[in-house]
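Have a look at the structure below, then the notes.
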Amino acid sequence: MRKTFSMLLILSVLGVLSLYAQDEATLPSQWKIWFERPAEVWEDALPVGNGRLGAMVFGTVEKEHLQLNEKSVWAGQSRWNPVPGSSKTLAEVRDLLFQGKYKEAEQLASTGILGNRPRGTQPGVARPRIQGATYQTLGDLEMNFGTYRGGVTNYRRELDIENAVARVSYTHDRVNYVREIFASAPDQVLVVRLTADKPGSLTFTSKLSRPGNLAQILAQGNEITMSEHVGRGMGVIFFSRLRVLPEGGSLISGGDSIRVEKADAVTILLTADTDYKGIDPAIVSQEQMESAVKKPFAGMKKDHIADYQSYFKRVDIDLGTSEGRYFSTDARITAMQNGYVDYDLMELYYQFGRYLLISSSRPGDLPANLQGLWADGLTPPWSADYHININIQMNYWLAGTTNLNELEKPFVEFIDAMRPSARKTAKEVYGLNGIVAHYTTNPWFDTQPSGSPQYGMWPMGIAWSCQNIWDYYAFGGDVDFLRSTSYPIMKEAAEFCMEWLVKNPKTGYLVSSPSISPENQFKIPGSEGNASMVMGPTMDHMIIRDLLQNTIQATLVLNTDEKFRKQMQKTLDQLSPTQIGKDGRLMEWTEEFEEPEPGHRHISHLYGLHPGNQITKQSNPELLEAARKTIDYRLAHGGGHTGWSRAWIINFFARLRDGDKAYENLLALLRQSTLKNLFDTHPPFQIDGNFGATAGITEMLLQSHAGEVELLPALPSDWKQGYIYGAVARGNFEVNMDWEEGKLKQAKITSKLGNPLKLSYAGKVLQIETEKGKTYTVNSDMSLVQ
């Protein structure tokens, strides 16, 4: 039945084509996600955002619903309640691990470092529980248009990611209605525009609300205000304003709503802010509103599109031709699930990843969280927080390569702001210098260890984040920012890691302990039980090696800290090496343990392959082969079953130079882990899979992690002809390239900084001493073309 539907869909597509001329002017827009029905659930709605303020647009005809978010709306508070004597406990835990007493070590770490209450103890024995912090919805905007007798025709709901405008259109009683929704960064306002092609046709009631019924909501004149101290007084205070600006007709307000009758057109503006940064949100939202109302709608829309396109238009991509754009996005997903290959949908998905980053991460704001910007309710999954054991790092993998490097700055500044807390945790929990954080954090920069040892006893959160921080410099080349912000973070992280490492008496190498391979377990030798904590998980050593190598490079760029550089190099020389097991796979731990879950979603010991650069064809092909065996084994046992994990696998295979396997996993991601609106699903929705997949597609076409700029390193055989324009390599080289019949046709590389360039394609290498601002054109023979 499913295959029959697929074939009918494909045949109907081909039939439709005969009705269209094939010139570009008649083709539907490539960059639209669209549907022929309203969203039935939150995961079907369409996201708009300006980096800080956003909405999910449902498009219901009789009662439009916009679920609202402001990125600093968080419940909770800063948490600081370390276990007394934890630094002494650390030494005891290490002794137990060295003796192979894994369960005893985990139990001691759980109570003596993580602060969990021992089983059977009274509530007052351990640390008091403190309410966990969580991201929350700002609220909901509803516009009730009443009952439409006779129904509607010509319904369409769409998100134009080329202009960052959502649109709902339909016909009722021979009147054509249009709603446009966007979140403007220049004006810091959410905009809703309602129009009809017959005067006096717009009658509706608008209101704001928020789950929990604790918000103070008041409608006066043409404005509704909504405010609340979230978390029942334990969180931020927000203030939101809704201004209704009708053209023609009449307006009546009262209680919590505003009613408009028989207007010709209506513009609705919403501003919101919180006291997170120590400012009065009522004043800020008022200033934003008074500024916005001075602009006509056309001016706001024009400025919004110009601002958004200054980012979006930097990259263009073509992976082939298909006819899917003639069909709604949900139909295209269904067709893909039934075997159809929609190249245009892959391109749309790629650019949707960039759209989401532009819309959820802007300089000056908090970074994109586990759901970017968009989360419903008061208790979203995993608190929609900042998981720093892969998720937030994956959010920004695409930033440098897809020409959005400055959008990673909020992440760098977030880690920088975390340093006082991280310094306190290092000193008071572990008795060490430097900075440390664990698997998760929040806007109050919690860094102390907590939770189960299986995920909580992992002190590499900041160290991993430093890989992104170094890439921010590698792609952009901002030496001043490196000196003032990035290097101080990296240096303190390196200081902690060097003091954290201890010598393994069995091998003589330095190892990280106690720690885990995130969320995975191993079978305890000679026992039926499982454990997580070990002396020396491979991932920790890869992260530390990455951190020390990059920090050494930073000292050379800045010509500073020669003594510290030598200390880092000495530590690197003593660090436990990456090992290959008897079966040819990379070892996840320093010992060859049996895995109870061989298809685990985390493949942490491949960090050195991606996002790190320790496993490359150029430097150690034997580790590359072992990495391949590792990922093949995981997939053979059911790995890659979550959206973000599948996205990571795309990147792995790109680095392994296997374009067809990377492509196979891209298809699996689209078919198995993609919602109707193109959101990634774990399940449930997590935005990192969107970002990771866009990064993975770029890695298939362009890589620069191994000391050279590689063109088409993992081009799938199915992408026979295409191009990518505007992608960026480390060293700040902007690359435009075309390929035909699966081979490079031509590439143009613009040197933004004048750095030396080592360029490669299919084993051929060209080295150029570039000039700043100059563009170099090469062919498939790696010969310069004049």
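A note on labels: chains of the structure tokens are A, B, ... as shown, every chain counts residues from 1, and ligands are counted from 1 in their shown order.
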At a cut-off of 7 Å, using only C-alpha atoms, what residues contact stretch 199-209 of chain A? Leave out same-chain residues fewer than 5 positions from it and give the result as a list in words.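 Non-adjacent residues within range: Gly139, Asp140, Leu141, Glu142, Met143, Asn144, Phe145, Gly146, Gly249, Asp256, Ser257, Ile258, Arg259, Val260, Glu261, Lys262, Ala263, Asp264 and Ala265 of chain A.
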Polymer residues at most 8 Å from A:Asn442, only C-alpha atoms, same-chain spacing of 6 or more positions, as a VMD selection string: chain A and resid 133 to 134 385 to 386
Output the selection as a compact mmCIF listing (two decimals), in the first residue's frame - N, CA, C and O atoms for each residue.
```txt
# COMPACT_ATOMS: atom_id res chain seq x y z
N ALA A 133 16.27 24.53 36.97
CA ALA A 133 15.95 25.61 36.05
C ALA A 133 15.38 25.04 34.77
O ALA A 133 15.76 23.96 34.32
N THR A 134 14.45 25.76 34.16
CA THR A 134 13.89 25.32 32.89
C THR A 134 13.48 26.52 32.03
O THR A 134 13.03 27.54 32.55
N ASP A 385 17.30 23.06 27.77
CA ASP A 385 18.42 23.76 28.39
C ASP A 385 19.66 23.74 27.49
O ASP A 385 19.57 23.56 26.28
N TYR A 386 20.81 23.93 28.11
CA TYR A 386 22.08 23.92 27.39
C TYR A 386 22.86 22.67 27.76
O TYR A 386 23.62 22.67 28.72
```
What are the nearest atom pairs, with distances in Å to one decimal, for all residues of stretch 45-156 of chain A that come at most 12 Å from stretch 400-415 of chain A, using only C-alpha atoms, set out by chain and rising residue number as CSV?
```
residue,atom,partner,partner_atom,distance
A:Asn50,CA,A:Leu407,CA,11.9
A:Gly51,CA,A:Leu407,CA,9.4
A:Arg52,CA,A:Pro410,CA,11.3
```
Would you mind writing down, as a ChimeraX atom specification, each residue of stretch 307-477 of chain A that DSSP on the backbone assigns to alpha helix (DSSP H)? /A:307-312,329-337,343-360,391-395,397-401,409-417,419-430,453-456,461-476
Any chance you can output those residues with C-alpha atoms as an mmCIF file, in the first residue's frame?
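Below you can see part36.cif, which holds the result:
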```
data_model
loop_
_atom_site.group_PDB
_atom_site.id
_atom_site.type_symbol
_atom_site.label_atom_id
_atom_site.label_comp_id
_atom_site.auth_asym_id
_atom_site.auth_seq_id
_atom_site.Cartn_x
_atom_site.Cartn_y
_atom_site.Cartn_z
ATOM 1 C CA ASP A 307 18.646 42.209 7.696
ATOM 2 C CA TYR A 308 17.792 38.516 7.384
ATOM 3 C CA GLN A 309 19.027 38.185 3.822
ATOM 4 C CA SER A 310 22.353 39.755 4.767
ATOM 5 C CA TYR A 311 22.979 36.341 6.358
ATOM 6 C CA PHE A 312 20.838 33.965 4.321
ATOM 7 C CA THR A 329 6.095 19.634 2.427
ATOM 8 C CA ASP A 330 4.272 16.883 4.321
ATOM 9 C CA ALA A 331 3.556 15.124 1.010
ATOM 10 C CA ARG A 332 7.230 15.426 0.105
ATOM 11 C CA ILE A 333 8.293 13.865 3.406
ATOM 12 C CA THR A 334 5.827 11.009 2.809
ATOM 13 C CA ALA A 335 7.164 10.515 -0.701
ATOM 14 C CA MET A 336 10.720 10.377 0.646
ATOM 15 C CA GLN A 337 9.634 7.797 3.207
ATOM 16 C CA TYR A 343 16.936 16.740 -4.220
ATOM 17 C CA ASP A 344 15.109 20.041 -3.848
ATOM 18 C CA LEU A 345 13.915 18.943 -0.406
ATOM 19 C CA MET A 346 17.520 18.237 0.609
ATOM 20 C CA GLU A 347 18.447 21.760 -0.469
ATOM 21 C CA LEU A 348 15.455 23.170 1.403
ATOM 22 C CA TYR A 349 16.421 21.171 4.502
ATOM 23 C CA TYR A 350 19.998 22.452 4.238
ATOM 24 C CA GLN A 351 18.929 26.079 4.046
ATOM 25 C CA PHE A 352 16.297 25.520 6.735
ATOM 26 C CA GLY A 353 19.163 24.664 9.101
ATOM 27 C CA ARG A 354 20.748 28.008 8.291
ATOM 28 C CA TYR A 355 17.352 29.734 8.668
ATOM 29 C CA LEU A 356 16.972 28.259 12.143
ATOM 30 C CA LEU A 357 20.404 29.463 13.277
ATOM 31 C CA ILE A 358 19.841 32.978 11.898
ATOM 32 C CA SER A 359 16.473 33.013 13.682
ATOM 33 C CA SER A 360 17.656 31.647 17.037
ATOM 34 C CA ASN A 391 24.038 19.254 21.904
ATOM 35 C CA ILE A 392 24.944 22.936 22.093
ATOM 36 C CA GLN A 393 28.259 22.211 20.383
ATOM 37 C CA MET A 394 26.368 20.568 17.510
ATOM 38 C CA ASN A 395 24.087 23.610 17.310
ATOM 39 C CA TRP A 397 28.887 23.110 13.821
ATOM 40 C CA LEU A 398 27.365 24.788 10.769
ATOM 41 C CA ALA A 399 28.195 28.363 11.793
ATOM 42 C CA GLY A 400 31.676 28.686 10.319
ATOM 43 C CA THR A 401 31.264 26.447 7.264
ATOM 44 C CA LYS A 409 29.573 34.567 19.132
ATOM 45 C CA PRO A 410 26.675 34.203 21.622
ATOM 46 C CA PHE A 411 27.952 30.705 22.444
ATOM 47 C CA VAL A 412 31.515 31.928 22.983
ATOM 48 C CA GLU A 413 30.329 34.793 25.181
ATOM 49 C CA PHE A 414 28.055 32.420 27.097
ATOM 50 C CA ILE A 415 31.031 30.226 28.023
ATOM 51 C CA ASP A 416 33.038 33.335 28.871
ATOM 52 C CA ALA A 417 30.304 34.483 31.273
ATOM 53 C CA ARG A 419 33.996 31.356 33.949
ATOM 54 C CA PRO A 420 33.431 32.695 37.521
ATOM 55 C CA SER A 421 31.072 29.818 38.302
ATOM 56 C CA ALA A 422 33.340 27.318 36.538
ATOM 57 C CA ARG A 423 36.346 28.581 38.467
ATOM 58 C CA LYS A 424 34.457 28.193 41.735
ATOM 59 C CA THR A 425 33.449 24.625 40.868
ATOM 60 C CA ALA A 426 37.001 23.669 39.945
ATOM 61 C CA LYS A 427 38.348 24.999 43.233
ATOM 62 C CA GLU A 428 35.631 24.067 45.723
ATOM 63 C CA VAL A 429 34.507 20.733 44.274
ATOM 64 C CA TYR A 430 37.815 19.344 43.007
ATOM 65 C CA PRO A 453 27.246 9.109 37.344
ATOM 66 C CA GLN A 454 26.223 7.747 33.927
ATOM 67 C CA TYR A 455 25.863 11.301 32.633
ATOM 68 C CA GLY A 456 26.780 13.627 35.500
ATOM 69 C CA GLY A 461 31.705 20.477 29.134
ATOM 70 C CA ILE A 462 33.850 23.596 28.816
ATOM 71 C CA ALA A 463 36.810 21.712 27.361
ATOM 72 C CA TRP A 464 34.621 20.451 24.488
ATOM 73 C CA SER A 465 33.106 23.912 24.043
ATOM 74 C CA CYS A 466 36.633 25.232 23.488
ATOM 75 C CA GLN A 467 36.713 23.303 20.213
ATOM 76 C CA ASN A 468 33.864 25.514 18.966
ATOM 77 C CA ILE A 469 35.573 28.543 20.469
ATOM 78 C CA TRP A 470 38.783 27.819 18.558
ATOM 79 C CA ASP A 471 36.827 27.243 15.353
ATOM 80 C CA TYR A 472 35.203 30.643 15.807
ATOM 81 C CA TYR A 473 38.697 32.078 15.448
ATOM 82 C CA ALA A 474 39.805 29.605 12.754
ATOM 83 C CA PHE A 475 36.939 30.547 10.446
ATOM 84 C CA GLY A 476 36.803 34.273 11.205
#
```
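One distance worth recording is that between atom CA of A:Trp589 and atom CA of A:Ile516, which is 8.7 Å.
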Which of these residues is nearest to A:Val189, using only C-alpha atoms: A:Val230, A:Val293, A:Ala219, A:Lys88? A:Val293
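Every protein or nucleic acid residue with an atom no more than 8 Å from A:Glu158, counting only C-alpha atoms and leaving out same-chain residues fewer than 5 positions away, appears here: A:Lys32, A:Ile33, A:Trp34, A:Phe35, A:Leu46, A:Ala166, A:Arg167, A:Val168.
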Filtering to N, CA and C atoms, could you give me those residues as a PDB file, in the first residue's frame?
```pdb
ATOM      1  N   LYS A  32      10.366  27.452   0.172  1.00  0.00           N
ATOM      2  CA  LYS A  32       9.152  27.543   0.979  1.00  0.00           C
ATOM      3  C   LYS A  32       8.770  26.176   1.553  1.00  0.00           C
ATOM      4  N   ILE A  33       8.481  26.185   2.848  1.00  0.00           N
ATOM      5  CA  ILE A  33       7.875  25.041   3.510  1.00  0.00           C
ATOM      6  C   ILE A  33       6.380  25.342   3.558  1.00  0.00           C
ATOM      7  N   TRP A  34       5.561  24.485   2.948  1.00  0.00           N
ATOM      8  CA  TRP A  34       4.150  24.861   2.873  1.00  0.00           C
ATOM      9  C   TRP A  34       3.214  23.662   3.020  1.00  0.00           C
ATOM     10  N   PHE A  35       1.971  23.987   3.417  1.00  0.00           N
ATOM     11  CA  PHE A  35       0.969  22.973   3.712  1.00  0.00           C
ATOM     12  C   PHE A  35      -0.395  23.452   3.233  1.00  0.00           C
ATOM     13  N   LEU A  46       4.903  26.472  12.296  1.00  0.00           N
ATOM     14  CA  LEU A  46       6.033  27.041  11.570  1.00  0.00           C
ATOM     15  C   LEU A  46       6.759  28.070  12.439  1.00  0.00           C
ATOM     16  N   ALA A 166       6.370  34.029   7.558  1.00  0.00           N
ATOM     17  CA  ALA A 166       5.326  33.014   7.513  1.00  0.00           C
ATOM     18  C   ALA A 166       4.062  33.653   6.947  1.00  0.00           C
ATOM     19  N   ARG A 167       3.272  32.842   6.244  1.00  0.00           N
ATOM     20  CA  ARG A 167       2.097  33.390   5.555  1.00  0.00           C
ATOM     21  C   ARG A 167       0.966  32.370   5.585  1.00  0.00           C
ATOM     22  N   VAL A 168      -0.228  32.857   5.867  1.00  0.00           N
ATOM     23  CA  VAL A 168      -1.442  32.032   5.815  1.00  0.00           C
ATOM     24  C   VAL A 168      -2.413  32.741   4.882  1.00  0.00           C
TER      25      VAL A 168
END
```
